[in-house]
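Okay, structure first, notes after.
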Amino acid sequence: MTELKTPSVIINFKIYSEAEGVNALSLARICEKVAGESGAGIAVCPPMTELSYVARNLSIPVFSQNVHPRKPGSGTGYTSPSAIVSSGAYGTLVNHSENRQSAEDIGACVRMCADSGLKICACAENVGKAAEIAGFSPDMIAVEPPELIGGDISVTSANPKIVEDTVNSVKSVDSGIKVLCGAGVKTGEDVRAAIDLGADGVLLASGVVRSKDPESILNDLIRFI
Ligand code: G3P
């Protein structure tokens with residue numbers, strides 16, 4: 001599996017029906033094709049049930065949608081860093097808006113993932129939370145205002161300040177952390193705006209996953225990077 005380039009475009013499949021079962025790998029292969037043709041840094045987050053299958057069959061980076069600070073052993077329903085490594089995945093999201101974790105657990109996940117060689121992208125709902133998470137030094141922080149998630153207005157248009165402020169705030173804590181933004185991102189213009197605001201990439205879902213033609217959406221998304 002290749003390294004994730006910057007600028008990065010991470011596609012979260014969530015649990016959309018369009019990405020259930022074998023459709024997860026089909027959509028992931030479209031992402032892989034566009035990444036291969038364009039050279040853009042594209043990664044995918046398939047549903048958890050398809051994580052290992054997609055990770056073992058794809059050359060671009062694959063992320064788990066979540067991780068828990070658990071060691072192998074008893075822990076029904078949890079996803080340990082060790083299990084994600086064994087699945088063949090490259091990294092993981094944590095603290096997504098739809099699946100929040102405590103600051104203590106986020107910190108523990110960051111430490112355990114670093115020890116396991118997994119990249120981690122922690123989500124934050126605002127600048128303050130992003131700054132708090134920056135103290136744990138994850139590889140990436142994605143700022144996503146919850147009210148814009150799944151909508152048609154990109155965070156880069158609705159609230160460009162949150163992107164700029166998150167970049168400044170996170171980089172002032174740890175300049176090595178990559179900052180992504182997400183919520184409502186759907187076009188190449190949105191991605192360009194994110195980069196102009198100082199972001200290292202975007203995290204998005206519905207624009208690609210729910211599209212009837214994900215390949216053209218992806219080609220548009222990466223056209224300025
Ligand atoms: O994880 C990405 C996400 O929460 C943004 O979703 O549908 O607004 O691109 P969407």
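The way I read the labels, and the way they are meant: chains A, B, ... in the order of the structure tokens, residue 1 as the first residue of every chain, and ligand 1 as the first ligand shown, with later ones counted on from there.
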
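Residues of protein or nucleic acid lying within 7 Å of ligand 1, counting only C-alpha atoms and all ligand atoms, are Asn12, His96, Ser97, Glu144, Leu148, Ile149, Gly150, Gly151, Gly182, Ala183, Gly184, Val185, Lys186, Leu203, Leu204, Ala205, Ser206 and Gly207 of chain A.
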
Residues of the last selection are to be written out with N, CA, C and O atoms, as a PDB file, in the first residue's frame.
ATOM      1  N   ASN A  12     -14.688   9.024   2.962  1.00  0.00           N
ATOM      2  CA  ASN A  12     -15.295   8.207   4.013  1.00  0.00           C
ATOM      3  C   ASN A  12     -16.595   7.609   3.474  1.00  0.00           C
ATOM      4  O   ASN A  12     -17.539   8.339   3.172  1.00  0.00           O
ATOM      5  N   HIS A  96     -14.898  10.678  14.907  1.00  0.00           N
ATOM      6  CA  HIS A  96     -15.752  11.297  13.894  1.00  0.00           C
ATOM      7  C   HIS A  96     -16.986  11.878  14.578  1.00  0.00           C
ATOM      8  O   HIS A  96     -17.440  11.375  15.601  1.00  0.00           O
ATOM      9  N   SER A  97     -17.510  12.909  13.968  1.00  0.00           N
ATOM     10  CA  SER A  97     -18.703  13.585  14.494  1.00  0.00           C
ATOM     11  C   SER A  97     -19.855  12.616  14.778  1.00  0.00           C
ATOM     12  O   SER A  97     -20.677  12.859  15.653  1.00  0.00           O
ATOM     13  N   GLU A 144     -14.496  19.493  11.066  1.00  0.00           N
ATOM     14  CA  GLU A 144     -15.772  19.331  10.360  1.00  0.00           C
ATOM     15  C   GLU A 144     -16.902  19.891  11.214  1.00  0.00           C
ATOM     16  O   GLU A 144     -17.281  19.251  12.210  1.00  0.00           O
ATOM     17  N   LEU A 148     -22.811  21.142   9.012  1.00  0.00           N
ATOM     18  CA  LEU A 148     -22.628  21.186   7.549  1.00  0.00           C
ATOM     19  C   LEU A 148     -22.419  19.801   6.944  1.00  0.00           C
ATOM     20  O   LEU A 148     -22.385  19.634   5.723  1.00  0.00           O
ATOM     21  N   ILE A 149     -22.267  18.799   7.802  1.00  0.00           N
ATOM     22  CA  ILE A 149     -21.998  17.445   7.311  1.00  0.00           C
ATOM     23  C   ILE A 149     -23.212  16.897   6.549  1.00  0.00           C
ATOM     24  O   ILE A 149     -24.341  16.993   7.018  1.00  0.00           O
ATOM     25  N   GLY A 150     -22.940  16.370   5.360  1.00  0.00           N
ATOM     26  CA  GLY A 150     -24.013  15.777   4.550  1.00  0.00           C
ATOM     27  C   GLY A 150     -24.792  16.806   3.749  1.00  0.00           C
ATOM     28  O   GLY A 150     -25.695  16.452   2.999  1.00  0.00           O
ATOM     29  N   GLY A 151     -24.427  18.081   3.897  1.00  0.00           N
ATOM     30  CA  GLY A 151     -25.159  19.136   3.190  1.00  0.00           C
ATOM     31  C   GLY A 151     -24.510  19.491   1.867  1.00  0.00           C
ATOM     32  O   GLY A 151     -23.553  18.861   1.430  1.00  0.00           O
ATOM     33  N   GLY A 182     -13.560  19.268   6.320  1.00  0.00           N
ATOM     34  CA  GLY A 182     -14.626  18.492   5.696  1.00  0.00           C
ATOM     35  C   GLY A 182     -15.981  19.023   6.077  1.00  0.00           C
ATOM     36  O   GLY A 182     -16.112  19.876   6.956  1.00  0.00           O
ATOM     37  N   ALA A 183     -16.986  18.514   5.395  1.00  0.00           N
ATOM     38  CA  ALA A 183     -18.411  18.843   5.533  1.00  0.00           C
ATOM     39  C   ALA A 183     -18.863  19.618   4.299  1.00  0.00           C
ATOM     40  O   ALA A 183     -18.453  20.754   4.092  1.00  0.00           O
ATOM     41  N   GLY A 184     -19.657  18.953   3.492  1.00  0.00           N
ATOM     42  CA  GLY A 184     -20.232  19.584   2.301  1.00  0.00           C
ATOM     43  C   GLY A 184     -19.274  19.734   1.133  1.00  0.00           C
ATOM     44  O   GLY A 184     -19.647  20.314   0.109  1.00  0.00           O
ATOM     45  N   VAL A 185     -18.057  19.199   1.251  1.00  0.00           N
ATOM     46  CA  VAL A 185     -17.082  19.334   0.157  1.00  0.00           C
ATOM     47  C   VAL A 185     -17.527  18.445  -1.016  1.00  0.00           C
ATOM     48  O   VAL A 185     -17.767  17.250  -0.841  1.00  0.00           O
ATOM     49  N   LYS A 186     -17.641  19.037  -2.188  1.00  0.00           N
ATOM     50  CA  LYS A 186     -18.155  18.256  -3.321  1.00  0.00           C
ATOM     51  C   LYS A 186     -17.462  18.525  -4.644  1.00  0.00           C
ATOM     52  O   LYS A 186     -17.631  17.764  -5.593  1.00  0.00           O
ATOM     53  N   LEU A 203     -11.600  15.824   3.900  1.00  0.00           N
ATOM     54  CA  LEU A 203     -12.252  14.562   4.269  1.00  0.00           C
ATOM     55  C   LEU A 203     -13.701  14.713   3.819  1.00  0.00           C
ATOM     56  O   LEU A 203     -14.357  15.682   4.212  1.00  0.00           O
ATOM     57  N   LEU A 204     -14.169  13.824   2.966  1.00  0.00           N
ATOM     58  CA  LEU A 204     -15.542  13.973   2.491  1.00  0.00           C
ATOM     59  C   LEU A 204     -16.213  12.619   2.303  1.00  0.00           C
ATOM     60  O   LEU A 204     -15.534  11.585   2.300  1.00  0.00           O
ATOM     61  N   ALA A 205     -17.528  12.671   2.149  1.00  0.00           N
ATOM     62  CA  ALA A 205     -18.285  11.426   2.035  1.00  0.00           C
ATOM     63  C   ALA A 205     -19.349  11.509   0.950  1.00  0.00           C
ATOM     64  O   ALA A 205     -19.157  11.028  -0.166  1.00  0.00           O
ATOM     65  N   SER A 206     -20.479  12.148   1.265  1.00  0.00           N
ATOM     66  CA  SER A 206     -21.663  12.046   0.401  1.00  0.00           C
ATOM     67  C   SER A 206     -21.423  12.487  -1.036  1.00  0.00           C
ATOM     68  O   SER A 206     -22.000  11.908  -1.960  1.00  0.00           O
ATOM     69  N   GLY A 207     -20.590  13.496  -1.250  1.00  0.00           N
ATOM     70  CA  GLY A 207     -20.347  13.999  -2.600  1.00  0.00           C
ATOM     71  C   GLY A 207     -19.888  12.896  -3.543  1.00  0.00           C
ATOM     72  O   GLY A 207     -20.269  12.861  -4.714  1.00  0.00           O
TER      73      GLY A 207
END

How close does each residue of stretch 7-66 of chain A get to stretch 136-142 of chain A, giving the shortest atom pair and distance in Å to one decimal for every residue with an atom at most 12 Å away, counting only C-alpha atoms, sorted by chain and residue number, as a Markdown table?
| residue | atom | partner | partner_atom | distance |
| --- | --- | --- | --- | --- |
| A:Pro7 | CA | A:Met140 | CA | 11.8 |
| A:Ser8 | CA | A:Met140 | CA | 10.3 |
| A:Val9 | CA | A:Ala142 | CA | 11.2 |
| A:Ile10 | CA | A:Ala142 | CA | 10.1 |

Just all heavy atoms for this one: save the residues we selected as a compact mmCIF listing (two decimals), in the first residue's frame.
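What landed in part_0.txt:
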# COMPACT_ATOMS: atom_id res chain seq x y z
N PRO A 7 -1.46 17.30 -1.19
CA PRO A 7 -2.76 17.35 -0.53
C PRO A 7 -3.47 15.99 -0.57
O PRO A 7 -3.33 15.24 -1.54
CB PRO A 7 -3.55 18.38 -1.35
CG PRO A 7 -2.55 19.10 -2.18
CD PRO A 7 -1.41 18.19 -2.38
N SER A 8 -4.22 15.72 0.47
CA SER A 8 -4.90 14.44 0.61
C SER A 8 -6.41 14.59 0.48
O SER A 8 -6.99 15.54 1.00
CB SER A 8 -4.61 13.85 1.99
OG SER A 8 -3.22 13.83 2.25
N VAL A 9 -6.99 13.62 -0.21
CA VAL A 9 -8.45 13.58 -0.33
C VAL A 9 -8.88 12.23 0.26
O VAL A 9 -8.60 11.17 -0.32
CB VAL A 9 -8.88 13.68 -1.81
CG1 VAL A 9 -10.39 13.52 -1.95
CG2 VAL A 9 -8.43 15.03 -2.40
N ILE A 10 -9.51 12.28 1.42
CA ILE A 10 -9.93 11.04 2.08
C ILE A 10 -11.44 10.89 1.91
O ILE A 10 -12.21 11.79 2.27
CB ILE A 10 -9.55 11.02 3.58
CG1 ILE A 10 -8.05 11.26 3.76
CG2 ILE A 10 -9.96 9.70 4.22
CD1 ILE A 10 -7.58 11.22 5.22

- Query: Please, which residues of stretch 46-220 of chain A, numbered as in this document, come out alpha helix (DSSP H) from DSSP, as number ranges by chain?
  - Reply: A: 51-56, 81-87, 103-116, 127-134, 155-158, 160-173, 188-196, 206-209, 214-220

- Any idea what's packed within 12 Å of A:Gly77, counting only C-alpha atoms, ignoring anything in its chain fewer than 3 positions away? Could you give it as JSON, numbers by chain? {"A": [48, 49, 66, 67, 68, 70, 72, 73, 74, 80, 83]}

Please, could you write that set of residues out with N, CA, C and O atoms as a PDB file, in the first residue's frame?
ATOM      1  N   MET A  48     -16.759  -0.752   8.196  1.00  0.00           N
ATOM      2  CA  MET A  48     -15.915  -1.648   8.989  1.00  0.00           C
ATOM      3  C   MET A  48     -16.019  -3.109   8.543  1.00  0.00           C
ATOM      4  O   MET A  48     -15.041  -3.846   8.601  1.00  0.00           O
ATOM      5  N   THR A  49     -17.215  -3.497   8.098  1.00  0.00           N
ATOM      6  CA  THR A  49     -17.394  -4.901   7.695  1.00  0.00           C
ATOM      7  C   THR A  49     -16.567  -5.249   6.459  1.00  0.00           C
ATOM      8  O   THR A  49     -16.311  -6.424   6.192  1.00  0.00           O
ATOM      9  N   ASN A  66     -12.948   3.872  12.486  1.00  0.00           N
ATOM     10  CA  ASN A  66     -12.856   4.146  13.923  1.00  0.00           C
ATOM     11  C   ASN A  66     -11.815   3.224  14.549  1.00  0.00           C
ATOM     12  O   ASN A  66     -11.371   2.254  13.930  1.00  0.00           O
ATOM     13  N   VAL A  67     -11.415   3.556  15.760  1.00  0.00           N
ATOM     14  CA  VAL A  67     -10.493   2.729  16.520  1.00  0.00           C
ATOM     15  C   VAL A  67     -10.806   2.958  17.999  1.00  0.00           C
ATOM     16  O   VAL A  67     -11.315   4.021  18.362  1.00  0.00           O
ATOM     17  N   HIS A  68     -10.537   1.955  18.792  1.00  0.00           N
ATOM     18  CA  HIS A  68     -10.733   2.092  20.247  1.00  0.00           C
ATOM     19  C   HIS A  68      -9.410   1.781  20.940  1.00  0.00           C
ATOM     20  O   HIS A  68      -8.628   0.958  20.452  1.00  0.00           O
ATOM     21  N   ARG A  70      -7.984  -0.238  22.807  1.00  0.00           N
ATOM     22  CA  ARG A  70      -8.078  -1.558  23.422  1.00  0.00           C
ATOM     23  C   ARG A  70      -6.963  -2.449  22.911  1.00  0.00           C
ATOM     24  O   ARG A  70      -6.606  -2.404  21.742  1.00  0.00           O
ATOM     25  N   PRO A  72      -5.605  -6.414  22.198  1.00  0.00           N
ATOM     26  CA  PRO A  72      -6.284  -7.659  21.833  1.00  0.00           C
ATOM     27  C   PRO A  72      -6.704  -8.409  23.103  1.00  0.00           C
ATOM     28  O   PRO A  72      -5.975  -8.408  24.095  1.00  0.00           O
ATOM     29  N   GLY A  73      -7.872  -9.016  23.052  1.00  0.00           N
ATOM     30  CA  GLY A  73      -8.371  -9.744  24.221  1.00  0.00           C
ATOM     31  C   GLY A  73      -9.869  -9.603  24.293  1.00  0.00           C
ATOM     32  O   GLY A  73     -10.536  -9.476  23.261  1.00  0.00           O
ATOM     33  N   SER A  74     -10.414  -9.554  25.495  1.00  0.00           N
ATOM     34  CA  SER A  74     -11.859  -9.399  25.609  1.00  0.00           C
ATOM     35  C   SER A  74     -12.200  -7.951  25.248  1.00  0.00           C
ATOM     36  O   SER A  74     -11.464  -7.028  25.592  1.00  0.00           O
ATOM     37  N   SER A  80      -9.511  -2.702  17.818  1.00  0.00           N
ATOM     38  CA  SER A  80      -8.206  -2.353  18.391  1.00  0.00           C
ATOM     39  C   SER A  80      -7.237  -1.910  17.296  1.00  0.00           C
ATOM     40  O   SER A  80      -7.359  -2.334  16.138  1.00  0.00           O
ATOM     41  N   ALA A  83      -5.878  -4.934  15.569  1.00  0.00           N
ATOM     42  CA  ALA A  83      -6.751  -5.567  14.570  1.00  0.00           C
ATOM     43  C   ALA A  83      -6.726  -4.788  13.255  1.00  0.00           C
ATOM     44  O   ALA A  83      -6.799  -5.371  12.169  1.00  0.00           O
TER      45      ALA A  83
END

- Counting only C-alpha atoms, the option among A:Gly135, A:Pro214, A:Gly128, A:Gly201 closest to A:Thr156: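 Of the candidates, the smallest distance to A:Thr156 is held by A:Gly201.
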
- Query: What residues in stretch 17-209 of chain A get the DSSP label strand (DSSP E or B)? Please answer as an MDAnalysis selection string.
  - Reply: chainID A and resid 41:45 62:64 91:94 119:124 140:143 178:182 201:204

- Query: Skipping near chain neighbours, those fewer than 2 positions away, what residues fall within 8 Å of A:Pro47 using only C-alpha atoms, listed as a PyMOL selection string?
  - Reply: chain A and resi 13-15+19-20+24+45+49-51+64-65

- Query: Do you know which residues are at most 10 Å from stretch 158-170 of chain A counting only C-alpha atoms, after dropping those on the same chain fewer than 2 positions away, and could you put them as number ranges by chain?
  - Reply: A: 124-135, 137, 140-145, 148, 153-156, 172-184, 193-200

- Message: So that I can see what lies close to A:Ser26, please list as a ChimeraX atom specification the residues with an atom at most 12 Å from it, counting only C-alpha atoms and leaving out residues fewer than 3 positions away in the same chain.
- Response: /A:13,18-23,29-33,44,46,50,53-54,57-58,209,214-215
